[in-house]
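Student: Input input-v9.txt, format and content: compact mmCIF, C-alpha atoms and all ligand atoms.
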```
# COMPACT_ATOMS: atom_id res chain seq x y z
CA MET E 1 -37.14 3.29 9.26
CA LEU E 2 -35.78 1.21 12.14
CA GLY E 3 -35.31 -2.42 11.18
CA GLY E 4 -36.80 -1.66 7.74
CA ARG E 5 -35.34 -2.35 4.32
CA LEU E 6 -34.15 0.07 1.70
CA PRO E 7 -36.60 0.29 -1.21
CA PRO E 8 -35.66 -1.94 -4.18
CA ARG E 9 -33.55 -0.11 -6.77
CA ARG E 10 -33.11 -0.60 -10.47
CA TRP E 11 -29.47 -0.78 -11.41
CA SER E 12 -28.21 -0.35 -14.92
CA ASN E 13 -25.51 -2.68 -16.18
CA THR E 14 -22.16 -1.26 -15.25
CA ARG E 15 -21.16 1.39 -17.75
CA THR E 16 -17.60 0.98 -18.93
CA SER E 17 -15.22 3.56 -20.19
CA THR E 18 -11.60 3.74 -21.14
CA ASP E 19 -11.40 7.26 -22.46
CA LEU E 20 -10.59 10.43 -20.60
CA GLN E 21 -13.61 12.27 -21.91
CA SER E 22 -16.14 10.03 -20.24
CA LEU E 23 -14.13 9.85 -17.01
CA ASP E 24 -13.96 13.63 -17.06
CA THR E 25 -17.68 13.85 -17.62
CA ALA E 26 -18.29 11.50 -14.74
CA VAL E 27 -15.84 13.30 -12.47
CA SER E 28 -17.72 16.53 -12.97
CA HIS E 29 -20.95 14.59 -12.47
CA GLU E 30 -22.54 15.52 -9.16
CA GLY E 31 -22.99 11.86 -8.22
CA LEU E 32 -19.32 11.05 -8.53
CA GLY E 33 -18.30 14.13 -6.55
CA GLN E 34 -20.67 12.99 -3.81
CA LEU E 35 -19.27 9.46 -4.03
CA ILE E 36 -15.73 10.70 -3.48
CA ALA E 37 -16.92 12.92 -0.60
CA ASP E 38 -18.78 9.99 1.02
CA ASN E 39 -15.68 7.80 0.76
CA ARG E 40 -13.31 10.55 1.84
CA GLU E 41 -11.97 8.79 4.94
CA CYS E 42 -11.32 5.49 3.18
CA LEU E 43 -9.75 7.19 0.15
CA LEU E 44 -7.46 9.37 2.27
CA GLY E 45 -6.36 6.23 4.12
CA LYS E 46 -3.09 6.76 5.96
CA PHE E 47 -3.14 10.50 5.16
CA LEU E 48 -6.39 11.09 7.08
CA GLY E 49 -5.76 13.51 9.93
CA ASP E 50 -2.20 14.40 8.90
CA SER E 51 -2.19 18.12 9.70
CA ASN E 52 1.08 18.56 7.79
CA LEU E 53 -0.57 17.68 4.47
CA SER E 54 -3.48 19.02 2.43
CA GLU E 55 -6.31 16.46 2.35
CA GLU E 56 -8.03 18.33 -0.50
CA LYS E 57 -4.92 18.22 -2.68
CA ILE E 58 -4.41 14.53 -1.91
CA LEU E 59 -7.98 13.69 -2.99
CA ASP E 60 -7.62 15.85 -6.12
CA SER E 61 -4.40 14.11 -6.98
CA LEU E 62 -6.04 10.67 -6.55
CA LEU E 63 -8.58 11.58 -9.20
CA ALA E 64 -5.99 13.28 -11.42
CA THR E 65 -3.84 10.13 -11.30
CA ALA E 66 -6.85 7.97 -12.18
CA LYS E 67 -7.68 10.23 -15.13
CA ALA E 68 -4.08 10.18 -16.34
CA GLN E 69 -3.93 6.37 -16.13
CA VAL E 70 -7.06 6.05 -18.20
CA SER E 71 -6.26 8.80 -20.73
CA GLN E 72 -2.79 7.41 -21.36
CA GLY E 73 -4.24 3.96 -21.94
CA LYS E 74 -2.42 2.53 -18.92
CA GLY E 75 -5.54 1.79 -16.93
CA VAL E 76 -9.26 1.10 -17.20
CA VAL E 77 -12.24 2.44 -15.30
CA GLU E 78 -15.60 0.88 -14.47
CA PHE E 79 -18.62 2.87 -13.31
CA LEU E 80 -21.80 1.68 -11.64
CA GLU E 81 -24.81 3.80 -12.51
CA ASP E 82 -28.11 4.00 -10.66
CA ASP E 83 -30.54 4.76 -13.49
CA SER E 84 -33.51 5.48 -11.28
CA ALA E 85 -31.62 8.10 -9.29
CA GLY E 86 -29.60 9.23 -12.33
CA LYS E 87 -26.30 9.13 -10.54
CA THR E 88 -22.98 7.32 -10.39
CA VAL E 89 -22.88 5.01 -7.38
CA GLY E 90 -19.60 3.24 -7.96
CA ILE E 91 -16.18 3.67 -9.57
CA ALA E 92 -13.21 1.32 -9.80
CA VAL E 93 -9.94 2.10 -11.59
CA GLY E 94 -7.18 -0.41 -12.25
CA GLU E 95 -3.96 -0.85 -14.20
CA PRO E 96 -1.45 -3.61 -14.96
CA ALA E 97 1.08 -4.17 -12.16
CA VAL E 98 4.11 -3.95 -14.44
CA TRP E 99 6.90 -4.68 -11.97
CA ASP E 100 5.09 -7.60 -10.29
CA SER E 101 4.10 -9.05 -13.68
CA GLU E 102 7.68 -9.02 -14.93
CA HIS E 103 8.96 -10.59 -11.72
CA PHE E 104 6.42 -13.43 -11.49
CA ARG E 105 6.11 -13.79 -15.30
CA ARG E 106 2.33 -13.63 -15.00
CA ARG E 107 -0.15 -10.98 -16.04
CA LEU E 108 -0.98 -9.20 -12.77
CA GLY E 109 -3.02 -6.04 -12.19
CA LYS E 110 -3.93 -3.72 -9.35
CA VAL E 111 -6.88 -1.63 -8.22
CA THR E 112 -5.77 1.99 -7.84
CA LEU E 113 -9.09 3.59 -6.86
CA VAL E 114 -12.35 2.09 -5.61
CA ALA E 115 -15.40 3.85 -4.13
CA PHE E 116 -19.06 2.94 -3.83
CA ASP E 117 -22.18 4.59 -2.47
CA ARG E 118 -22.91 2.93 0.88
CA ILE E 119 -26.23 1.55 -0.39
CA VAL E 120 -24.47 -0.61 -3.03
CA GLY E 121 -24.43 -4.24 -1.89
CA THR E 122 -21.69 -6.83 -2.30
CA GLY E 123 -23.19 -8.31 -5.48
CA HIS E 124 -22.89 -5.13 -7.55
CA ARG E 125 -19.48 -4.30 -6.08
CA ALA E 126 -18.25 -7.77 -7.03
CA THR E 127 -19.57 -7.32 -10.58
CA VAL E 128 -17.69 -4.03 -11.02
CA LEU E 129 -14.41 -5.42 -9.69
CA HIS E 130 -14.71 -8.62 -11.68
CA LYS E 131 -15.23 -6.57 -14.85
CA LEU E 132 -12.06 -4.67 -14.05
CA LEU E 133 -10.16 -7.97 -13.83
CA THR E 134 -11.58 -9.08 -17.18
CA ARG E 135 -11.01 -5.79 -18.99
CA LEU E 136 -7.45 -5.51 -17.74
CA ASN E 137 -6.94 -9.01 -19.15
CA VAL E 138 -4.89 -10.06 -16.14
CA GLU E 139 -4.67 -13.37 -14.29
CA MET E 140 -4.82 -11.75 -10.88
CA LEU E 141 -6.09 -8.41 -9.60
CA PHE E 142 -4.52 -7.06 -6.40
CA ALA E 143 -6.67 -4.77 -4.23
CA ARG E 144 -5.72 -3.02 -1.01
CA VAL E 145 -8.97 -1.95 0.64
CA ASN E 146 -9.45 0.18 3.73
CA MET E 147 -10.74 -1.96 6.62
CA ASN E 148 -13.53 0.59 7.09
CA ASP E 149 -14.86 -0.42 3.66
CA LEU E 150 -15.96 -3.90 4.74
CA LEU E 151 -18.58 -4.26 1.99
CA THR E 152 -15.92 -4.00 -0.74
CA ILE E 153 -13.75 -6.53 1.10
CA GLN E 154 -16.74 -8.88 1.41
CA ALA E 155 -17.57 -8.33 -2.28
CA LEU E 156 -14.08 -9.41 -3.31
CA GLU E 157 -14.29 -12.45 -1.03
CA ARG E 158 -17.70 -13.28 -2.49
CA ASP E 159 -16.07 -13.32 -5.93
CA GLY E 160 -13.38 -15.74 -4.67
CA ALA E 161 -10.56 -13.32 -3.79
CA ILE E 162 -8.13 -14.49 -1.11
CA LEU E 163 -6.95 -12.42 1.83
CA THR E 164 -3.16 -12.29 1.61
CA ASP E 165 -2.36 -9.80 4.37
CA VAL E 166 -3.65 -7.00 6.55
CA LEU E 167 -1.44 -3.94 6.33
CA VAL E 168 -1.19 -1.53 9.27
CA THR E 169 0.37 1.86 8.50
CA PHE E 170 2.07 3.98 11.16
CA ARG E 171 2.82 7.70 11.15
CA TYR E 172 5.58 9.64 12.90
CA GLU E 173 5.45 13.43 13.04
CA THR E 174 8.84 15.09 13.21
CA SER E 175 9.20 17.44 16.16
CA GLY E 176 12.92 18.03 16.59
CA ARG E 177 12.88 15.55 19.46
CA LEU E 178 14.23 12.21 18.24
CA PRO E 179 13.82 8.94 20.15
CA PRO E 180 17.03 8.47 22.17
CA SER E 181 19.87 6.20 21.02
CA ASN E 182 20.16 3.19 23.35
CA SER E 183 22.96 1.00 22.02
CA PRO E 184 26.42 2.58 21.62
CA GLY E 185 27.83 -0.62 20.07
CA ILE E 186 25.56 -0.40 17.03
CA HIS E 187 26.80 1.95 14.30
CA VAL E 188 24.43 3.10 11.57
CA GLY E 189 25.52 4.82 8.34
CA PRO E 190 24.88 4.87 4.58
CA SER E 191 25.39 1.56 2.78
CA GLU E 192 28.77 0.85 1.15
CA PRO E 193 28.93 -0.69 -2.37
CA ASN E 194 30.82 -3.73 -1.03
CA GLU E 195 27.82 -4.55 1.21
CA ASN E 196 25.29 -4.83 -1.66
CA GLU E 197 25.57 -8.58 -2.09
CA GLU E 198 25.20 -9.29 1.62
CA LEU E 199 22.19 -6.97 1.89
CA THR E 200 20.34 -8.51 -1.06
CA ARG E 201 21.05 -12.02 0.29
CA LEU E 202 19.76 -11.03 3.72
CA ALA E 203 16.57 -9.59 2.19
CA SER E 204 15.79 -12.86 0.41
CA ARG E 205 15.58 -14.78 3.70
CA ILE E 206 14.00 -12.50 6.31
CA PHE E 207 10.79 -11.20 4.71
CA THR E 208 8.25 -13.98 5.05
CA VAL E 209 4.98 -12.33 6.15
CA ASP E 210 3.53 -10.26 3.29
CA ARG E 211 1.01 -10.36 0.46
CA PHE E 212 3.32 -12.35 -1.83
CA HIS E 213 4.24 -15.06 0.68
CA GLY E 214 0.59 -15.05 1.80
CA ASP E 215 -0.63 -16.11 -1.65
CA PRO E 216 -0.37 -19.89 -2.20
CA LEU E 217 -0.58 -19.36 -5.98
CA LEU E 218 2.73 -17.46 -6.04
CA PRO E 219 5.90 -19.60 -5.65
CA LYS E 220 7.75 -18.95 -2.38
CA SER E 221 11.13 -18.85 -4.15
CA LYS E 222 9.93 -16.02 -6.40
CA SER E 223 8.49 -14.13 -3.40
CA ASP E 224 11.86 -14.46 -1.59
CA GLU E 225 13.68 -13.28 -4.70
CA LEU E 226 11.37 -10.27 -5.00
CA TYR E 227 12.84 -8.82 -1.81
CA SER E 228 16.45 -9.15 -3.03
CA LYS E 229 15.42 -7.29 -6.18
CA TRP E 230 13.62 -4.67 -4.09
CA VAL E 231 16.73 -4.05 -1.97
CA SER E 232 18.98 -4.13 -5.03
CA ASN E 233 16.76 -1.51 -6.72
CA SER E 234 16.73 0.54 -3.50
CA LEU E 235 20.54 0.54 -3.47
CA ALA E 236 20.51 1.58 -7.15
CA GLY E 237 18.39 4.69 -6.49
CA PHE E 238 14.80 3.54 -5.88
CA ALA E 239 15.40 4.63 -2.26
CA ASP E 240 16.93 8.01 -1.43
CA ILE E 241 19.15 6.34 1.14
CA VAL E 242 19.78 2.84 2.50
CA LEU E 243 21.19 2.91 6.01
CA VAL E 244 23.11 -0.07 7.34
CA ALA E 245 23.61 -1.09 10.98
CA ARG E 246 26.98 -2.62 11.82
CA GLN E 247 27.95 -4.33 15.03
CA ALA E 248 31.47 -5.60 15.76
CA GLY E 249 32.33 -4.98 12.10
CA ARG E 250 29.47 -7.14 10.78
CA VAL E 251 26.36 -6.10 8.84
CA ALA E 252 23.47 -6.46 11.31
CA GLY E 253 20.56 -4.91 9.36
CA PHE E 254 19.36 -2.22 6.99
CA ILE E 255 16.56 0.29 6.42
CA THR E 256 15.44 1.93 3.15
CA CYS E 257 14.12 5.51 3.15
CA LYS E 258 12.68 7.81 0.54
CA VAL E 259 10.90 11.15 0.31
CA ASP E 260 7.71 10.94 -1.73
CA GLY E 261 7.05 14.27 -3.38
CA SER E 262 4.70 12.89 -6.03
CA THR E 263 1.49 14.02 -4.28
CA PRO E 264 0.99 17.80 -4.45
CA GLY E 265 0.50 19.10 -0.91
CA GLY E 266 1.55 15.73 0.45
CA GLU E 267 5.35 15.49 0.59
CA HIS E 268 6.19 12.87 3.19
CA GLY E 269 8.80 10.32 4.20
CA ILE E 270 8.48 6.59 3.60
CA ILE E 271 10.33 3.74 5.26
CA ASP E 272 9.90 0.87 2.80
CA LEU E 273 11.89 -1.99 4.29
CA VAL E 274 13.56 -2.67 7.64
CA GLY E 275 15.45 -5.91 8.08
CA VAL E 276 17.68 -7.27 10.81
CA SER E 277 19.80 -10.41 10.46
CA PRO E 278 18.44 -13.22 12.69
CA ASP E 279 21.96 -13.38 14.28
CA PHE E 280 21.39 -9.89 15.71
CA ALA E 281 17.61 -9.87 16.30
CA GLY E 282 16.12 -8.66 19.58
CA ASN E 283 19.18 -6.60 20.54
CA GLY E 284 18.07 -3.13 19.56
CA VAL E 285 19.41 -3.09 15.99
CA GLY E 286 15.94 -2.45 14.49
CA TYR E 287 15.39 0.38 16.94
CA GLU E 288 18.75 2.05 16.09
CA LEU E 289 17.96 1.76 12.38
CA VAL E 290 14.54 3.40 12.77
CA ARG E 291 16.01 6.11 15.00
CA SER E 292 18.75 6.90 12.43
CA ALA E 293 16.17 6.97 9.62
CA LEU E 294 14.10 9.49 11.59
CA GLU E 295 17.22 11.60 12.09
CA TRP E 296 17.75 11.55 8.30
CA PHE E 297 14.09 12.50 7.67
CA GLU E 298 13.94 15.21 10.37
CA PRO E 299 15.07 18.21 8.26
CA LYS E 300 13.29 17.01 5.10
CA VAL E 301 9.65 16.22 5.94
CA ARG E 302 7.06 16.68 8.69
CA SER E 303 5.52 13.17 8.49
CA VAL E 304 7.07 9.74 8.02
CA TYR E 305 5.09 6.59 7.18
CA VAL E 306 5.89 2.91 7.58
CA GLY E 307 3.66 -0.11 7.02
CA THR E 308 3.75 -3.65 8.31
CA GLN E 309 1.50 -6.69 8.48
CA ALA E 310 -0.95 -6.84 11.39
CA ALA E 311 0.60 -10.23 12.21
CA ASN E 312 4.12 -8.75 12.52
CA ASN E 313 4.15 -8.03 16.26
CA ARG E 314 7.91 -7.46 16.35
CA ALA E 315 7.70 -4.70 13.76
CA THR E 316 4.59 -3.19 15.39
CA ARG E 317 6.37 -3.02 18.74
CA LEU E 318 9.47 -1.59 17.09
CA TYR E 319 7.49 1.26 15.47
CA THR E 320 5.42 2.10 18.53
CA LYS E 321 8.55 2.12 20.66
CA SER E 322 10.03 4.59 18.13
CA ARG E 323 6.99 6.90 18.65
CA PHE E 324 5.02 5.99 15.54
CA LEU E 325 1.24 5.82 15.89
CA PRO E 326 -1.05 3.46 13.93
CA VAL E 327 -3.20 5.43 11.45
CA CYS E 328 -4.66 3.03 8.89
CA SER E 329 -5.53 -0.65 8.37
CA GLU E 330 -6.07 -2.19 4.95
CA ALA E 331 -6.94 -5.69 3.78
CA THR E 332 -4.94 -6.97 0.83
CA LEU E 333 -6.83 -9.31 -1.48
CA HIS E 334 -5.80 -11.20 -4.59
CA LEU E 335 -8.60 -11.95 -7.05
CA TRP E 336 -7.45 -14.69 -9.43
CA SER E 337 -9.32 -15.28 -12.66
CA LEU E 338 -10.75 -18.76 -13.05
CA GLY E 339 -8.32 -21.10 -14.75
CA SER E 340 -5.18 -19.29 -13.51
C1 LIG C 401 11.12 -6.42 12.88
C2 LIG C 401 12.63 -6.39 13.06
C3 LIG C 401 13.21 -5.35 12.08
C4 LIG C 401 12.94 -5.99 14.51
O1 LIG C 401 14.35 -5.82 14.62
P1 LIG C 401 15.10 -6.10 16.01
O2 LIG C 401 16.49 -5.64 15.86
O3 LIG C 401 14.90 -7.51 16.39
O4 LIG C 401 14.27 -5.16 17.00
P2 LIG C 401 14.83 -4.49 18.31
O5 LIG C 401 15.77 -5.45 19.01
O6 LIG C 401 15.35 -3.14 18.02
O7 LIG C 401 13.53 -4.38 19.18
C5 LIG C 401 12.65 -3.29 19.09
C6 LIG C 401 11.38 -3.69 19.77
O8 LIG C 401 10.84 -4.75 18.99
C7 LIG C 401 10.30 -5.73 19.85
N1 LIG C 401 10.96 -7.02 19.65
C8 LIG C 401 12.23 -7.27 19.28
N2 LIG C 401 12.45 -8.59 19.23
C9 LIG C 401 11.31 -9.17 19.57
C10 LIG C 401 10.91 -10.53 19.71
N3 LIG C 401 11.78 -11.53 19.49
N4 LIG C 401 9.63 -10.78 20.06
C11 LIG C 401 8.77 -9.77 20.27
N5 LIG C 401 9.10 -8.48 20.17
C12 LIG C 401 10.36 -8.18 19.84
C13 LIG C 401 10.51 -5.28 21.23
O9 LIG C 401 9.32 -4.61 21.67
C14 LIG C 401 11.59 -4.28 21.17
O10 LIG C 401 11.40 -3.34 22.15
P3 LIG C 401 12.02 -3.60 23.64
O11 LIG C 401 13.49 -3.36 23.52
O12 LIG C 401 11.31 -2.60 24.47
O13 LIG C 401 11.72 -5.00 24.01
C15 LIG C 401 13.26 -7.80 12.82
O14 LIG C 401 12.58 -8.74 13.61
C16 LIG C 401 13.20 -8.27 11.36
O15 LIG C 401 14.10 -7.98 10.56
N6 LIG C 401 12.15 -9.00 10.98
C17 LIG C 401 12.01 -9.54 9.63
C18 LIG C 401 11.75 -8.45 8.60
C19 LIG C 401 10.55 -7.62 8.96
O16 LIG C 401 9.51 -8.17 9.34
N7 LIG C 401 10.66 -6.27 8.83
C20 LIG C 401 9.60 -5.34 9.20
C21 LIG C 401 8.61 -5.11 8.14
S1 LIG C 401 9.25 -4.27 6.71
```
Let's see the structure in the file written out as structure tokens.
Tutor:
Amino acid sequence: MLGGRLPPRRWSNTRTSTDLQSLDTAVSHEGLGQLIADNRECLLGKFLGDSNLSEEKILDSLLATAKAQVSQGKGVVEFLEDDSAGKTVGIAVGEPAVWDSEHFRRRLGKVTLVAFDRIVGTGHRATVLHKLLTRLNVEMLFARVNMNDLLTIQALERDGAILTDVLVTFRYETSGRLPPSNSPGIHVGPSEPNENEELTRLASRIFTVDRFHGDPLLPKSKSDELYSKWVSNSLAGFADIVLVARQAGRVAGFITCKVDGSTPGGEHGIIDLVGVSPDFAGNGVGYELVRSALEWFEPKVRSVYVGTQAANNRATRLYTKSRFLPVCSEATLHLWSLGS
């Protein structure tokens, strides 16, 4: 029907559920299975096309996590039903963002799963997501949406959400052939306890382009402080290792690495944070840090992931130079409730 319109549909009000039973029923529902299959590429996100991982197991674990969140009372789920077709055409799952809420002393939440049938327009998508915000009883709902799912991004914007960053994720596949070391004067090794204070101080001043700093409703000082806490937690065990670059006896930068084994069939490496002191920037310190991290990951995992903002050209060039390839782009949106 070239240039034609889809026939008008009758939509039911969104059906809401917080109990495992009804999510289970819906998950076994043919419509929801189809919905997940139709949104496969967006839901797999950065994992799409990673031959070292099992895409089926990753999708299964996405749904299992959503069910666990809801059954344990940690999260809520919203469905959109098409009564005339008798099928589920939308699902959104969310939960409180505990760490962020404690840090900013505000009630913040996050979307952990969102998928719609492609025929669902922005109005109904916005209704579902807004209901999630209301039912979670949070002041702001954070959503990271695949850039291939433009309708959901437009729905959030239609409801007043603000774009706070665009995240590009890169993948490196280990091959036994590491990028070469270029700078003999830069020495990289595990962090020493006496460096903790310097590292957390450095973190509070160098991370300025991200979803926290990109939101005018979050105070800059608290966004700066978030990165010192992040590095401090990484040093205390949140990361498996924090590597530090030293040049002429001074701390020049750091990188945090961890192995994520939480997804069955999807064990992979993650570089969370890379930071170089402005005094040493542009001299190859970032490159030596990434190279050393890859050396640490080499015997442990087959794939390593790192993300950065689309606007961060320095980081993008650093990762591509270190043989990472871009694999996924996501828009980050913050939907604030009226009156926040
Ligand atoms: C991104 C960052 C880690 C790069 O560290 P760095 O030590 O300056 O990077 P390197 O000197 O190793 O350079 C690696 C590549 O990055 C690029 N790069 C470095 N400095 C650059 C600059 N001033 N402008 C543009 N590109 C630059 C170059 O392509 C370089 O490759 P080249 O040697 O072929 O020119 C550093 O700028 C930083 O800490 N930024 C703030 C924190 C951050 O954004 N972290 C990344 C996201 S978590």
Student: Rounded to one decimal place, report the CA of Ser61 (chain E)-CA of Gln34 (chain E) distance in Å.
Tutor: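 Pair CA of Ser61 (chain E) / CA of Gln34 (chain E) returns 16.6 Å.
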Student: When you look at region 118-133 of chain E with a cut-off of 7 Å (counting only C-alpha atoms), what residues show up, excluding the ones that are within fewer than 4 positions of it in the same chain? I need them as a count of residues only.
Tutor: 13
Student: Grab me every residue within 9 Å of ligand LIG 401 (chain C), counting only C-alpha atoms and all ligand atoms, and send it over as a PyMOL selection string.
Tutor: chain E and resi 203+205-210+252-255+271-278+280-290+306-309+312-322
Student: Quick one: of E:Met140, E:Met147, E:Leu325, E:Leu199, who's nearest to Ala161 (chain E), counting all atoms listed in the file?
Tutor: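 Distance minimum relative to Ala161 (chain E) lands on E:Met140.
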Student: For Leu178 (chain E), find every residue with an atom within 8 Å (counting all atoms listed in the file), except residues of its own chain fewer than 4 positions away, and show them as a ChimeraX atom specification.
Tutor: /E:174,291,294-295
Student: May I have the residues within 9 Å of region 45-47 of chain E as a list in words, using all atoms listed in the file and disregarding those fewer than 5 positions away in the same chain?
Tutor: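 Near region 45-47 of chain E, the qualifying residues are Arg40, Leu53, Ser54, Glu55, Ile58, Asn146, Thr169, Phe170, Arg171, Gly266, Tyr305, Pro326, Val327, Cys328, Ser329 and Glu330 of chain E.
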Student: Calculated over only C-alpha atoms, which of the candidates E:Leu59, E:Ala293, E:Ala236, E:Leu48 has the smallest distance to Gly33 (chain E)?
Tutor: E:Leu59
Student: For CA of Gly160 (chain E) and CA of Leu333 (chain E), determine how far apart the two atoms are, in Å to one decimal place.
Tutor: 9.7 Å
Student: Find the residues around region 98-103 of chain E up to 10 Å (all atoms listed in the file counted), leave out those fewer than 4 positions away in its own chain, and share them as a short mmCIF file (atom, residue, chain, number, x, y, z; two decimals) with C-alpha atoms, keeping the file's coordinate frame.
Tutor:
```cif
data_model
loop_
_atom_site.label_atom_id
_atom_site.label_comp_id
_atom_site.auth_asym_id
_atom_site.auth_seq_id
_atom_site.Cartn_x
_atom_site.Cartn_y
_atom_site.Cartn_z
CA ARG E 107 -0.15 -10.98 -16.04
CA LEU E 108 -0.98 -9.20 -12.77
CA GLY E 109 -3.02 -6.04 -12.19
CA LYS E 110 -3.93 -3.72 -9.35
CA VAL E 138 -4.89 -10.06 -16.14
CA GLU E 139 -4.67 -13.37 -14.29
CA MET E 140 -4.82 -11.75 -10.88
CA PHE E 212 3.32 -12.35 -1.83
CA LYS E 222 9.93 -16.02 -6.40
CA SER E 223 8.49 -14.13 -3.40
CA GLU E 225 13.68 -13.28 -4.70
CA LEU E 226 11.37 -10.27 -5.00
CA LYS E 229 15.42 -7.29 -6.18
#
```
Student: Take CA of Ile36 (chain E) and CA of Ile270 (chain E) and report the distance between them in Å, one decimal.
Tutor: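 These two atoms are separated by 25.6 Å.
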Student: With distances taken over only C-alpha atoms, which of E:Glu95, E:Glu298, E:Glu173, E:Asp38 is nearest to Thr112 (chain E)?
Tutor: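 For Thr112 (chain E), the nearest of the given residues is E:Glu95.
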Student: E:Glu197, E:Asp60, E:Asp50, E:Asp224: which is nearest Tyr172 (chain E), counting only C-alpha atoms?
Tutor: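 Under the stated criterion, the closest residue is E:Asp50.
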Student: Please identify all polymer residues within 12 Å of Pro190 (chain E), counting only C-alpha atoms, omitting same-chain residues fewer than 6 positions from it, and present them as a JSON list (two decimals) with C-alpha atoms, keeping the file's coordinate frame.
Tutor:
```json
[["chain", "number", "residue", "atom", "x", "y", "z"],
["E", 196, "ASN", "CA", 25.29, -4.83, -1.66],
["E", 235, "LEU", "CA", 20.54, 0.54, -3.47],
["E", 239, "ALA", "CA", 15.40, 4.63, -2.26],
["E", 240, "ASP", "CA", 16.93, 8.01, -1.43],
["E", 241, "ILE", "CA", 19.15, 6.34, 1.14],
["E", 242, "VAL", "CA", 19.78, 2.84, 2.50],
["E", 243, "LEU", "CA", 21.19, 2.91, 6.01],
["E", 244, "VAL", "CA", 23.11, -0.07, 7.34],
["E", 245, "ALA", "CA", 23.61, -1.09, 10.98],
["E", 246, "ARG", "CA", 26.98, -2.62, 11.82],
["E", 251, "VAL", "CA", 26.36, -6.10, 8.84],
["E", 253, "GLY", "CA", 20.56, -4.91, 9.36],
["E", 254, "PHE", "CA", 19.36, -2.22, 6.99],
["E", 255, "ILE", "CA", 16.56, 0.29, 6.42],
["E", 256, "THR", "CA", 15.44, 1.93, 3.15],
["E", 257, "CYS", "CA", 14.12, 5.51, 3.15],
["E", 289, "LEU", "CA", 17.96, 1.76, 12.38],
["E", 292, "SER", "CA", 18.75, 6.90, 12.43],
["E", 293, "ALA", "CA", 16.17, 6.97, 9.62],
["E", 296, "TRP", "CA", 17.75, 11.55, 8.30]]
```
Student: When you count all atoms listed in the file, which of these residues is closest to Gly185 (chain E): E:Gln247, E:Asn233, E:Thr134, E:Thr200?
Tutor: E:Gln247
Student: Restricting the calculation to all atoms listed in the file: of E:Leu43, E:Val114, E:Val166, E:Leu202, which residue gets closest to Trp230 (chain E)?
Tutor: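 Between E:Leu43, E:Val114, E:Val166, E:Leu202, the residue approaching Trp230 (chain E) most closely is E:Leu202.
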